[in-house]
>>> print(open('my_file.cif').read())   # mmCIF, C-alpha atoms and all ligand atoms
data_upload
loop_
_atom_site.label_atom_id
_atom_site.label_comp_id
_atom_site.auth_asym_id
_atom_site.auth_seq_id
_atom_site.Cartn_x
_atom_site.Cartn_y
_atom_site.Cartn_z
CA MET V 1 0.00 0.00 0.00
CA SER V 2 2.98 2.30 0.48
CA GLN V 3 3.62 4.74 -2.31
CA THR V 4 6.63 6.25 -0.63
CA LYS V 5 9.66 4.91 -2.35
CA THR V 6 9.00 5.07 -6.07
CA ASN V 7 9.45 8.24 -8.07
CA SER V 8 6.78 7.27 -10.56
CA VAL V 9 3.98 7.74 -8.03
CA SER V 10 2.53 11.21 -7.73
CA TYR V 11 2.80 13.11 -4.48
CA MET V 12 -0.43 14.89 -5.40
CA HIS V 13 -2.91 12.11 -4.74
CA PRO V 14 -3.46 9.76 -1.84
CA ASN V 15 -4.19 6.10 -2.56
CA GLU V 16 -7.79 4.86 -2.60
CA HIS V 17 -7.84 4.62 1.20
CA GLY V 18 -6.62 8.19 1.59
CA TYR V 19 -2.98 7.45 2.44
CA PHE V 20 -0.01 9.61 1.50
CA GLY V 21 2.78 7.13 2.18
CA GLN V 22 2.05 5.78 5.67
CA PHE V 23 -0.05 8.83 6.65
CA GLY V 24 -3.73 9.62 6.22
CA GLY V 25 -6.70 7.26 6.25
CA ALA V 26 -9.98 7.73 8.09
CA TYR V 27 -9.96 6.88 11.80
CA ILE V 28 -13.47 7.81 12.82
CA PRO V 29 -16.11 6.66 15.28
CA GLU V 30 -18.67 4.24 13.84
CA MET V 31 -21.36 6.90 14.16
CA LEU V 32 -19.58 9.19 11.71
CA HIS V 33 -19.09 6.51 9.12
CA ARG V 34 -22.17 7.34 7.06
CA ASN V 35 -21.36 11.08 6.79
CA VAL V 36 -17.73 10.58 5.86
CA GLU V 37 -18.53 7.76 3.43
CA GLU V 38 -21.13 9.89 1.65
CA LEU V 39 -18.54 12.61 1.19
CA ARG V 40 -15.82 10.17 0.12
CA SER V 41 -17.96 8.51 -2.49
CA ARG V 42 -19.18 11.79 -4.03
CA TYR V 43 -16.52 14.50 -3.70
CA LEU V 44 -14.48 13.81 -6.85
CA GLU V 45 -17.50 13.35 -9.09
CA ILE V 46 -19.03 16.61 -7.84
CA MET V 47 -15.77 18.54 -8.05
CA HIS V 48 -15.41 17.51 -11.70
CA GLU V 49 -18.95 18.48 -12.76
CA PRO V 50 -18.69 21.34 -15.28
CA SER V 51 -21.41 23.30 -13.46
CA PHE V 52 -19.51 22.96 -10.17
CA VAL V 53 -16.22 24.02 -11.75
CA ALA V 54 -17.93 27.03 -13.34
CA ALA V 55 -19.64 28.11 -10.10
CA PHE V 56 -16.43 27.69 -8.06
CA HIS V 57 -14.29 29.69 -10.47
CA GLN V 58 -16.87 32.41 -10.93
CA LEU V 59 -17.02 33.01 -7.18
CA LEU V 60 -13.23 32.89 -6.89
CA ARG V 61 -13.03 35.57 -9.57
CA ASP V 62 -15.97 37.88 -8.78
CA TYR V 63 -16.30 37.43 -5.02
CA VAL V 64 -12.81 36.57 -3.76
CA GLY V 65 -10.96 38.69 -6.34
CA ARG V 66 -8.85 35.98 -7.98
CA PRO V 67 -6.43 35.53 -9.53
CA SER V 68 -4.42 36.89 -6.63
CA PRO V 69 -1.43 38.87 -7.92
CA LEU V 70 2.09 37.46 -8.05
CA PHE V 71 4.20 40.40 -6.90
CA LEU V 72 7.94 40.80 -7.40
CA ALA V 73 9.13 42.13 -4.03
CA GLU V 74 12.13 44.12 -5.24
CA ARG V 75 13.52 45.47 -1.98
CA LEU V 76 13.12 42.14 -0.20
CA SER V 77 14.77 40.48 -3.21
CA ALA V 78 17.70 42.88 -3.04
CA LEU V 79 18.18 42.08 0.63
CA HIS V 80 18.50 38.36 -0.18
CA ASN V 81 20.30 38.89 -3.49
CA THR V 82 17.72 36.91 -5.47
CA ARG V 83 14.24 37.26 -6.98
CA ILE V 84 11.34 36.82 -4.54
CA TYR V 85 7.73 36.77 -5.73
CA LEU V 86 4.86 37.05 -3.25
CA LYS V 87 1.65 35.17 -4.00
CA ARG V 88 -0.86 37.65 -2.62
CA GLU V 89 -3.48 35.53 -0.81
CA ASP V 90 -3.69 38.44 1.64
CA LEU V 91 -5.67 40.35 -0.98
CA ASN V 92 -8.48 37.78 -1.03
CA HIS V 93 -11.88 38.73 0.40
CA THR V 94 -11.72 38.12 4.18
CA GLY V 95 -7.94 38.47 4.08
CA ALA V 96 -6.46 35.01 3.65
CA HIS V 97 -6.44 31.80 1.63
CA LYS V 98 -9.12 30.14 3.79
CA ILE V 99 -11.99 31.51 1.70
CA ASN V 100 -10.92 29.33 -1.29
CA ASN V 101 -11.68 26.19 0.68
CA ALA V 102 -14.81 27.56 2.37
CA ILE V 103 -16.39 28.39 -1.00
CA GLY V 104 -15.48 24.99 -2.42
CA GLN V 105 -16.87 23.03 0.50
CA VAL V 106 -20.09 25.02 0.82
CA LEU V 107 -20.79 24.63 -2.92
CA LEU V 108 -20.15 20.92 -2.53
CA ALA V 109 -22.42 20.73 0.53
CA GLN V 110 -25.25 22.32 -1.51
CA ARG V 111 -24.86 19.61 -4.15
CA LEU V 112 -25.06 16.98 -1.42
CA GLY V 113 -28.38 18.56 -0.42
CA LYS V 114 -27.10 19.87 2.92
CA LYS V 115 -28.88 22.90 4.39
CA ARG V 116 -26.88 23.36 7.56
CA ILE V 117 -23.16 24.13 7.78
CA ILE V 118 -20.95 23.61 10.83
CA ALA V 119 -17.30 24.50 11.34
CA GLU V 120 -14.64 24.61 14.04
CA THR V 121 -12.39 27.59 14.49
CA GLY V 122 -9.40 28.55 16.63
CA ALA V 123 -8.50 32.18 16.07
CA GLY V 124 -11.69 32.63 14.10
CA GLN V 125 -10.26 33.01 10.60
CA HIS V 126 -11.79 29.82 9.25
CA GLY V 127 -15.02 30.56 11.13
CA VAL V 128 -15.22 33.99 9.50
CA ALA V 129 -14.53 32.54 6.02
CA THR V 130 -17.23 29.89 6.49
CA ALA V 131 -19.75 32.36 7.96
CA THR V 132 -19.07 34.67 5.02
CA VAL V 133 -19.86 32.03 2.42
CA CYS V 134 -22.97 30.92 4.35
CA ALA V 135 -24.24 34.51 4.41
CA LEU V 136 -23.64 34.73 0.67
CA MET V 137 -25.61 31.55 0.03
CA GLY V 138 -28.27 31.97 2.70
CA LEU V 139 -27.32 28.87 4.68
CA GLU V 140 -27.54 28.25 8.41
CA CYS V 141 -24.05 28.34 9.96
CA ILE V 142 -22.90 27.15 13.38
CA VAL V 143 -19.29 27.72 14.41
CA TYR V 144 -17.79 25.88 17.38
CA MET V 145 -15.10 27.80 19.19
CA GLY V 146 -13.26 27.22 22.47
CA GLU V 147 -14.51 29.40 25.31
CA LYS V 148 -10.99 30.72 25.82
CA ASP V 149 -10.65 31.61 22.13
CA ILE V 150 -14.02 33.42 22.20
CA GLU V 151 -12.60 35.69 24.90
CA ARG V 152 -9.26 36.19 23.08
CA GLN V 153 -10.69 36.77 19.60
CA ALA V 154 -13.58 39.14 20.18
CA PRO V 155 -13.40 40.93 16.79
CA ASN V 156 -13.74 37.68 14.84
CA VAL V 157 -16.60 36.53 17.08
CA ALA V 158 -18.37 39.82 16.31
CA ARG V 159 -17.72 39.35 12.59
CA MET V 160 -19.21 35.86 12.58
CA GLN V 161 -22.27 37.04 14.51
CA MET V 162 -22.75 40.00 12.18
CA LEU V 163 -22.58 37.54 9.27
CA GLY V 164 -25.46 35.63 10.84
CA ALA V 165 -23.54 32.65 12.21
CA LYS V 166 -24.21 31.18 15.63
CA VAL V 167 -20.98 30.91 17.63
CA VAL V 168 -21.16 28.08 20.17
CA ALA V 169 -18.64 27.89 23.02
CA ALA V 170 -16.75 24.66 23.63
CA THR V 171 -16.36 24.51 27.38
CA SER V 172 -14.49 21.23 27.89
CA GLY V 173 -10.76 20.50 28.13
CA SER V 174 -8.43 23.41 27.41
CA LYS V 175 -11.41 25.29 25.85
CA THR V 176 -9.49 25.84 22.59
CA LEU V 177 -9.38 24.49 19.01
CA LYS V 178 -9.10 20.80 19.87
CA ASP V 179 -12.23 21.01 22.05
CA ALA V 180 -14.11 23.01 19.40
CA THR V 181 -13.28 20.24 16.90
CA ASN V 182 -14.70 17.62 19.27
CA GLU V 183 -17.92 19.62 19.64
CA ALA V 184 -18.25 19.97 15.86
CA ILE V 185 -17.82 16.20 15.45
CA ARG V 186 -20.49 15.60 18.11
CA ASP V 187 -22.87 17.93 16.26
CA TRP V 188 -22.23 16.10 12.96
CA ILE V 189 -23.00 12.76 14.57
CA ASN V 190 -26.31 14.18 15.80
CA HIS V 191 -27.24 15.70 12.41
CA PRO V 192 -26.11 13.15 9.83
CA ASN V 193 -28.66 14.02 7.14
CA ASP V 194 -28.86 17.77 6.73
CA THR V 195 -25.39 18.96 7.85
CA HIS V 196 -21.96 19.35 6.25
CA TYR V 197 -18.87 19.87 8.40
CA VAL V 198 -16.45 22.35 6.77
CA ILE V 199 -12.95 21.50 8.03
CA GLY V 200 -10.52 24.41 7.71
CA SER V 201 -7.23 22.78 6.74
CA VAL V 202 -5.72 19.69 5.06
CA VAL V 203 -6.44 17.62 8.18
CA GLY V 204 -9.22 15.27 9.28
CA PRO V 205 -10.29 11.91 7.88
CA HIS V 206 -10.03 11.06 4.19
CA PRO V 207 -11.28 12.67 1.94
CA TYR V 208 -10.77 16.03 3.71
CA PRO V 209 -6.98 16.38 3.25
CA ASP V 210 -7.24 15.62 -0.48
CA MET V 211 -10.41 17.70 -0.96
CA VAL V 212 -9.05 20.78 0.81
CA ALA V 213 -5.71 20.53 -1.05
CA ARG V 214 -7.60 20.42 -4.36
CA PHE V 215 -9.62 23.55 -3.47
CA GLN V 216 -6.46 25.39 -2.40
CA SER V 217 -4.49 24.18 -5.43
CA VAL V 218 -5.81 27.19 -7.33
CA ILE V 219 -2.87 29.01 -5.68
CA SER V 220 -0.17 27.05 -7.53
CA GLU V 221 -2.29 26.69 -10.67
CA GLU V 222 -2.25 30.49 -10.99
CA THR V 223 1.38 30.74 -9.92
CA ARG V 224 2.47 28.59 -12.88
CA TRP V 225 0.98 30.80 -15.59
CA GLN V 226 1.86 33.99 -13.72
CA LEU V 227 5.51 32.91 -13.54
CA LYS V 228 5.46 31.98 -17.21
CA GLU V 229 4.31 35.52 -18.04
CA LYS V 230 6.88 37.16 -15.78
CA THR V 231 9.94 34.94 -16.14
CA GLY V 232 9.34 32.83 -19.25
CA SER V 233 9.23 29.61 -17.19
CA GLU V 234 6.36 28.06 -15.25
CA LEU V 235 8.74 26.66 -12.65
CA PRO V 236 10.30 28.55 -9.75
CA THR V 237 13.39 27.24 -7.97
CA HIS V 238 11.75 27.47 -4.52
CA VAL V 239 8.25 27.63 -3.05
CA ILE V 240 8.01 28.68 0.60
CA ALA V 241 4.91 28.56 2.82
CA CYS V 242 4.05 28.47 6.50
CA VAL V 243 2.37 25.35 7.92
CA GLY V 244 -0.27 25.15 10.62
CA GLY V 245 -2.45 22.30 9.43
CA GLY V 246 -0.92 22.89 6.02
CA SER V 247 -3.62 24.15 3.66
CA ASN V 248 -1.92 27.25 2.23
CA ALA V 249 1.29 25.25 1.81
CA ALA V 250 -0.60 22.39 0.13
CA GLY V 251 -2.17 24.88 -2.26
CA ALA V 252 1.10 26.66 -2.99
CA PHE V 253 3.01 23.36 -3.49
CA TYR V 254 0.32 21.37 -5.30
CA HIS V 255 1.16 21.83 -8.99
CA PHE V 256 4.88 21.66 -8.20
CA LEU V 257 4.78 18.49 -6.09
CA ASP V 258 5.76 16.31 -9.04
CA GLU V 259 8.37 18.75 -10.36
CA PRO V 260 11.53 17.58 -8.58
CA ALA V 261 13.46 20.66 -9.77
CA VAL V 262 11.29 22.83 -7.52
CA GLN V 263 12.41 22.95 -3.89
CA LEU V 264 9.48 23.00 -1.46
CA ILE V 265 10.04 24.64 1.92
CA ALA V 266 7.51 24.31 4.74
CA VAL V 267 7.92 26.60 7.74
CA GLU V 268 6.56 25.66 11.14
CA ALA V 269 6.20 27.70 14.33
CA ALA V 270 9.04 27.11 16.78
CA GLY V 271 7.33 29.21 19.47
CA LEU V 272 9.92 29.97 22.17
CA GLY V 273 12.31 27.47 20.53
CA VAL V 274 11.84 23.99 19.03
CA TYR V 275 13.01 22.24 22.22
CA SER V 276 11.68 24.78 24.71
CA GLY V 277 8.53 22.85 25.51
CA MET V 278 6.61 25.82 24.07
CA SER V 279 6.53 25.16 20.35
CA ALA V 280 4.37 23.94 17.46
CA ALA V 281 7.15 22.47 15.27
CA THR V 282 5.30 19.23 14.63
CA SER V 283 7.64 17.70 12.06
CA GLN V 284 10.58 18.05 14.46
CA LEU V 285 8.80 16.92 17.63
CA GLY V 286 5.92 14.75 16.43
CA LYS V 287 5.61 10.99 16.19
CA PRO V 288 3.14 8.95 14.13
CA GLY V 289 -0.26 8.99 15.81
CA ILE V 290 -3.95 9.60 15.22
CA LEU V 291 -5.35 13.12 15.54
CA HIS V 292 -8.75 14.34 14.34
CA GLY V 293 -9.43 11.35 12.15
CA SER V 294 -6.17 10.68 10.34
CA LYS V 295 -2.77 9.17 10.97
CA SER V 296 -0.06 11.80 10.85
CA LEU V 297 2.78 13.26 12.86
CA VAL V 298 1.43 14.42 16.21
CA MET V 299 3.12 16.13 19.16
CA GLN V 300 2.50 13.68 21.98
CA THR V 301 3.88 12.35 25.22
CA GLU V 302 5.44 8.88 25.59
CA ASP V 303 2.01 7.44 26.40
CA GLY V 304 0.29 9.17 23.50
CA GLN V 305 -1.31 12.20 25.16
CA VAL V 306 -1.48 15.13 22.74
CA VAL V 307 0.88 17.90 23.88
CA GLU V 308 -0.46 21.48 24.07
CA PRO V 309 1.38 23.42 21.38
CA HIS V 310 2.49 27.03 21.58
CA SER V 311 2.89 29.68 18.91
CA ILE V 312 2.44 33.45 18.92
CA SER V 313 0.28 32.94 15.84
CA ALA V 314 -3.05 31.25 16.44
CA GLY V 315 -3.16 29.78 12.93
CA LEU V 316 0.03 27.77 13.50
CA ASP V 317 -0.78 26.77 17.08
CA TYR V 318 -1.71 23.17 16.26
CA PRO V 319 -0.14 19.90 17.53
CA GLY V 320 -0.41 18.08 14.18
CA ILE V 321 0.13 18.56 10.45
CA GLY V 322 -1.84 17.22 7.53
CA PRO V 323 -0.91 13.72 6.29
CA LEU V 324 0.37 15.04 2.95
CA HIS V 325 2.91 17.17 4.82
CA ALA V 326 3.93 14.31 7.11
CA HIS V 327 4.64 12.34 3.94
CA LEU V 328 6.53 15.23 2.31
CA PHE V 329 8.63 15.44 5.47
CA GLU V 330 9.28 11.72 5.80
CA SER V 331 10.08 11.23 2.11
CA GLY V 332 12.33 14.29 2.04
CA ARG V 333 10.35 15.86 -0.83
CA ALA V 334 9.92 19.05 1.21
CA THR V 335 12.38 20.77 3.54
CA PHE V 336 10.97 21.70 6.94
CA LEU V 337 12.28 24.81 8.69
CA SER V 338 10.92 26.68 11.68
CA ALA V 339 10.88 30.22 13.04
CA THR V 340 10.41 31.38 16.63
CA ASP V 341 7.82 33.89 17.85
CA GLU V 342 10.54 36.53 18.04
CA GLU V 343 11.93 35.80 14.57
CA ALA V 344 8.44 35.96 13.09
CA LEU V 345 7.74 39.33 14.74
CA GLN V 346 11.04 40.74 13.45
CA ALA V 347 10.33 39.47 9.95
CA ALA V 348 6.84 41.02 10.01
CA PHE V 349 8.25 44.44 10.87
CA GLU V 350 11.00 44.10 8.30
CA VAL V 351 8.78 43.11 5.38
CA THR V 352 6.26 45.81 6.29
CA LYS V 353 8.95 48.49 6.01
CA LEU V 354 10.51 47.00 2.87
CA GLU V 355 7.38 46.27 0.86
CA GLY V 356 4.51 48.18 2.47
CA ILE V 357 2.69 44.94 3.23
CA ILE V 358 1.67 44.01 6.79
CA PRO V 359 1.60 40.19 6.75
CA ALA V 360 -0.35 37.86 9.01
CA LEU V 361 1.75 36.53 11.88
CA GLU V 362 1.47 33.05 10.36
CA THR V 363 2.96 34.27 7.08
CA ALA V 364 5.67 36.15 8.98
CA HIS V 365 7.14 32.73 9.86
CA ALA V 366 7.66 32.03 6.15
CA PHE V 367 9.39 35.40 5.74
CA ALA V 368 11.60 34.66 8.75
CA ALA V 369 12.79 31.44 7.12
CA LEU V 370 14.32 33.40 4.22
CA LYS V 371 17.15 34.30 6.59
CA GLN V 372 17.98 30.62 7.11
CA MET V 373 18.39 29.96 3.40
CA SER V 374 20.88 31.00 0.76
CA PHE V 375 19.89 31.83 -2.79
CA LYS V 376 21.56 32.45 -6.11
CA ALA V 377 20.96 35.71 -7.94
CA ASN V 378 18.95 34.03 -10.69
CA ASP V 379 16.81 31.85 -8.41
CA VAL V 380 13.07 32.40 -8.59
CA VAL V 381 11.53 32.17 -5.12
CA VAL V 382 7.76 32.12 -4.59
CA LEU V 383 6.54 32.83 -1.07
CA CYS V 384 2.87 32.26 -0.28
CA LEU V 385 1.64 35.39 1.50
CA SER V 386 -1.19 33.48 3.15
CA GLY V 387 -2.92 36.42 4.84
CA ARG V 388 -2.92 40.03 5.91
CA GLY V 389 -1.91 41.28 9.34
CA ASP V 390 -4.95 43.35 10.34
CA LYS V 391 -6.09 40.63 12.73
CA ASP V 392 -2.66 40.68 14.43
CA LEU V 393 -2.44 44.41 15.05
CA ALA V 394 -2.83 44.06 18.83
CA THR V 395 0.16 41.69 18.92
CA TYR V 396 2.21 44.00 16.70
CA MET V 397 1.32 47.02 18.86
CA HIS V 398 2.36 45.14 21.98
CA ALA V 399 5.70 44.24 20.36
CA MET V 400 6.33 47.87 19.36
CA GLN V 401 5.68 49.09 22.91
CA LYS V 402 8.12 46.53 24.27
CA ASN V 403 10.84 47.70 21.88
CA ASP V 404 10.36 51.42 22.61
C1 LIG O 501 -5.13 29.68 9.25
C2 LIG O 501 -3.98 30.37 8.64
C3 LIG O 501 -2.75 29.70 8.40
C4 LIG O 501 -2.50 28.29 8.83
O1 LIG O 501 -3.33 27.34 8.23
P1 LIG O 501 -2.82 26.37 7.07
O2 LIG O 501 -3.92 25.39 6.94
O3 LIG O 501 -1.53 25.76 7.53
O4 LIG O 501 -2.61 27.20 5.87
C5 LIG O 501 -1.74 30.39 7.77
N1 LIG O 501 -1.87 31.69 7.41
C6 LIG O 501 -3.02 32.37 7.64
C7 LIG O 501 -3.10 33.79 7.22
C8 LIG O 501 -4.10 31.75 8.26
O5 LIG O 501 -5.24 32.43 8.48
#
>>> encode(input="my_file.cif", output="structure tokens")
Amino acid sequence: MSQTKTNSVSYMHPNEHGYFGQFGGAYIPEMLHRNVEELRSRYLEIMHEPSFVAAFHQLLRDYVGRPSPLFLAERLSALHNTRIYLKREDLNHTGAHKINNAIGQVLLAQRLGKKRIIAETGAGQHGVATATVCALMGLECIVYMGEKDIERQAPNVARMQMLGAKVVAATSGSKTLKDATNEAIRDWINHPNDTHYVIGSVVGPHPYPDMVARFQSVISEETRWQLKEKTGSELPTHVIACVGGGSNAAGAFYHFLDEPAVQLIAVEAAGLGVYSGMSAATSQLGKPGILHGSKSLVMQTEDGQVVEPHSISAGLDYPGIGPLHAHLFESGRATFLSATDEEALQAAFEVTKLEGIIPALETAHAFAALKQMSFKANDVVVLCLSGRGDKDLATYMHAMQKND
């Protein structure tokens, strides 16, 4: 069943059971089997229907504002003595790449006849994207969010409520993302017929990792023709993206996965340091285990208890990575780097001054990794600018006060 060792097998697609190498699959309670099986048996057929493709791409163009520009960052390039292009997912409606997936999944849910949409959210970015699409389509939307996150992320809670979503507090455990996910799963079990669960990254049971990667793959699909226009070649030398669950990286890598000449660089959050005990660098610290329905690398104790991660950026503060990324790590197809909270903050301030773009804290980790790499003058580097920094202004203000 392993597809790890041969070069002839594509990195893009899992096998029929949803495995990328040894990672993936669908480890779900019996009571979820019907929901997940319905999705698994229908998602590819629906995603290939011409009317679906047309509706998806029309919304990406007219509602999200795609294609997102590919911007040559000249002053940043000069600093690193190379050519660095920024894929501007920060310019999407709602400010990040997450809307690509939310639109895809809600359109798919409609074709499955689902009238009710549920989602989990940590910092609220995925919740806002999902609530946005539900408002657009007039669908009921329930977002599960840890009680602690509801307190910490008041602006996003207000946005979701203004968009008509019901935000439900998860009050068990650490009252954060993991607990919100458990509540969403419980809801899905109780509403198997009319509800679709929109997962926000390339995680969860098969077919979610493959489905979400396909929706986000529009990022690298555009990058190829944009590079061709700007450089004469569709292929860059490097693609760099930050990894929480891994959806913006999966989208940015997707159409380059089977191009061995393209170096893929995934950047995780090192928090206070990879080995500080306060980190989210899953590839470095994780071991194979089951989290949220699939086998992947998971940060865990000796006896398999999931370890609480830490990152300054809520979107990277996750103790797992998607199974595709675990496979890219294990097979060596992608290089995994990490950046600390402090390095990410510094990089955010630097790129803001150099390019006039305030990046999301998540994306700032990808910028920070540039300093750990060396480039040639004629390299072509694509960095996925996954989101804008408006949501992180309080953190940036706090950092500025500290440095005064
Ligand atoms: C949520 C988020 C991430 C992390 O999620 P992935 O699934 O790893 O992409 C990264 N950047 C931004 C701006 C986000 O909102």
>>> atom_distance(input="my_file.cif", atom1="CA of Pro205 (chain V)", atom2="atom O2 of ligand LIG 501 (chain O)")
14.9 Å
>>> residues_near_ligand(input="my_file.cif", ligand="ligand LIG 501 (chain O)", cutoff="9 Å", atoms="all atoms listed in the file", output="ChimeraX atom specification")
/V:89-90,95-98,122-126,200-203,241-251,268,313-317,321-322,359-364,385-389
>>> write_last_selection(input="my_file.cif", atoms="C-alpha atoms", output="PDB file, keeping the file's coordinate frame")
ATOM      1  CA  GLU V  89      -3.480  35.530  -0.810  1.00  0.00           C
ATOM      2  CA  ASP V  90      -3.690  38.440   1.640  1.00  0.00           C
ATOM      3  CA  GLY V  95      -7.940  38.470   4.080  1.00  0.00           C
ATOM      4  CA  ALA V  96      -6.460  35.010   3.650  1.00  0.00           C
ATOM      5  CA  HIS V  97      -6.440  31.800   1.630  1.00  0.00           C
ATOM      6  CA  LYS V  98      -9.120  30.140   3.790  1.00  0.00           C
ATOM      7  CA  GLY V 122      -9.400  28.550  16.630  1.00  0.00           C
ATOM      8  CA  ALA V 123      -8.500  32.180  16.070  1.00  0.00           C
ATOM      9  CA  GLY V 124     -11.690  32.630  14.100  1.00  0.00           C
ATOM     10  CA  GLN V 125     -10.260  33.010  10.600  1.00  0.00           C
ATOM     11  CA  HIS V 126     -11.790  29.820   9.250  1.00  0.00           C
ATOM     12  CA  GLY V 200     -10.520  24.410   7.710  1.00  0.00           C
ATOM     13  CA  SER V 201      -7.230  22.780   6.740  1.00  0.00           C
ATOM     14  CA  VAL V 202      -5.720  19.690   5.060  1.00  0.00           C
ATOM     15  CA  VAL V 203      -6.440  17.620   8.180  1.00  0.00           C
ATOM     16  CA  ALA V 241       4.910  28.560   2.820  1.00  0.00           C
ATOM     17  CA  CYS V 242       4.050  28.470   6.500  1.00  0.00           C
ATOM     18  CA  VAL V 243       2.370  25.350   7.920  1.00  0.00           C
ATOM     19  CA  GLY V 244      -0.270  25.150  10.620  1.00  0.00           C
ATOM     20  CA  GLY V 245      -2.450  22.300   9.430  1.00  0.00           C
ATOM     21  CA  GLY V 246      -0.920  22.890   6.020  1.00  0.00           C
ATOM     22  CA  SER V 247      -3.620  24.150   3.660  1.00  0.00           C
ATOM     23  CA  ASN V 248      -1.920  27.250   2.230  1.00  0.00           C
ATOM     24  CA  ALA V 249       1.290  25.250   1.810  1.00  0.00           C
ATOM     25  CA  ALA V 250      -0.600  22.390   0.130  1.00  0.00           C
ATOM     26  CA  GLY V 251      -2.170  24.880  -2.260  1.00  0.00           C
ATOM     27  CA  GLU V 268       6.560  25.660  11.140  1.00  0.00           C
ATOM     28  CA  SER V 313       0.280  32.940  15.840  1.00  0.00           C
ATOM     29  CA  ALA V 314      -3.050  31.250  16.440  1.00  0.00           C
ATOM     30  CA  GLY V 315      -3.160  29.780  12.930  1.00  0.00           C
ATOM     31  CA  LEU V 316       0.030  27.770  13.500  1.00  0.00           C
ATOM     32  CA  ASP V 317      -0.780  26.770  17.080  1.00  0.00           C
ATOM     33  CA  ILE V 321       0.130  18.560  10.450  1.00  0.00           C
ATOM     34  CA  GLY V 322      -1.840  17.220   7.530  1.00  0.00           C
ATOM     35  CA  PRO V 359       1.600  40.190   6.750  1.00  0.00           C
ATOM     36  CA  ALA V 360      -0.350  37.860   9.010  1.00  0.00           C
ATOM     37  CA  LEU V 361       1.750  36.530  11.880  1.00  0.00           C
ATOM     38  CA  GLU V 362       1.470  33.050  10.360  1.00  0.00           C
ATOM     39  CA  THR V 363       2.960  34.270   7.080  1.00  0.00           C
ATOM     40  CA  ALA V 364       5.670  36.150   8.980  1.00  0.00           C
ATOM     41  CA  LEU V 385       1.640  35.390   1.500  1.00  0.00           C
ATOM     42  CA  SER V 386      -1.190  33.480   3.150  1.00  0.00           C
ATOM     43  CA  GLY V 387      -2.920  36.420   4.840  1.00  0.00           C
ATOM     44  CA  ARG V 388      -2.920  40.030   5.910  1.00  0.00           C
ATOM     45  CA  GLY V 389      -1.910  41.280   9.340  1.00  0.00           C
TER      46      GLY V 389
END
>>> residues_around(input="my_file.cif", residues="Tyr396 (chain V)", least_positions_apart="5", cutoff="10 Å", atoms="only C-alpha atoms", output="VMD selection string")
chain V and resid 345 to 346 348 to 349 358 361 389 to 391 401 to 402
>>> closest_residue(input="my_file.cif", among="V:Ala135, V:Met160, V:Ile46, V:Ala170", to="Glu147 (chain V)", atoms="all atoms listed in the file")
V:Ala170
>>> closest_residue(input="my_file.cif", among="V:Cys134, V:Leu39, V:Ala78, V:Ala213", to="Leu112 (chain V)", atoms="only C-alpha atoms")
V:Leu39
>>> residues_around(input="my_file.cif", residues="region 172-176 of chain V", least_positions_apart="2", cutoff="12 Å", atoms="only C-alpha atoms", output="compact mmCIF listing (two decimals) with C-alpha atoms, in the coordinates of the input")
# COMPACT_ATOMS: atom_id res chain seq x y z
CA GLU V 120 -14.64 24.61 14.04
CA THR V 121 -12.39 27.59 14.49
CA GLY V 122 -9.40 28.55 16.63
CA ALA V 123 -8.50 32.18 16.07
CA GLY V 124 -11.69 32.63 14.10
CA TYR V 144 -17.79 25.88 17.38
CA MET V 145 -15.10 27.80 19.19
CA GLY V 146 -13.26 27.22 22.47
CA GLU V 147 -14.51 29.40 25.31
CA LYS V 148 -10.99 30.72 25.82
CA ASP V 149 -10.65 31.61 22.13
CA ILE V 150 -14.02 33.42 22.20
CA GLU V 151 -12.60 35.69 24.90
CA ARG V 152 -9.26 36.19 23.08
CA GLN V 153 -10.69 36.77 19.60
CA VAL V 168 -21.16 28.08 20.17
CA ALA V 169 -18.64 27.89 23.02
CA ALA V 170 -16.75 24.66 23.63
CA LYS V 178 -9.10 20.80 19.87
CA ASP V 179 -12.23 21.01 22.05
CA ALA V 180 -14.11 23.01 19.40
CA THR V 181 -13.28 20.24 16.90
CA ASN V 182 -14.70 17.62 19.27
CA GLU V 183 -17.92 19.62 19.64
CA VAL V 306 -1.48 15.13 22.74
CA VAL V 307 0.88 17.90 23.88
CA GLU V 308 -0.46 21.48 24.07
CA PRO V 309 1.38 23.42 21.38
CA ALA V 314 -3.05 31.25 16.44
CA ASP V 317 -0.78 26.77 17.08
CA TYR V 318 -1.71 23.17 16.26
>>> closest_residue(input="my_file.cif", among="V:Val218, V:Ala154, V:Ala339, V:Ala280", to="Val267 (chain V)", atoms="only C-alpha atoms")
V:Ala339
>>> atom_distance(input="my_file.cif", atom1="CA of Leu264 (chain V)", atom2="CA of Leu370 (chain V)")
12.8 Å
>>> closest_residue(input="my_file.cif", among="V:Thr82, V:Asn156, V:Ser51, V:Thr301", to="Asp392 (chain V)", atoms="only C-alpha atoms")
V:Asn156
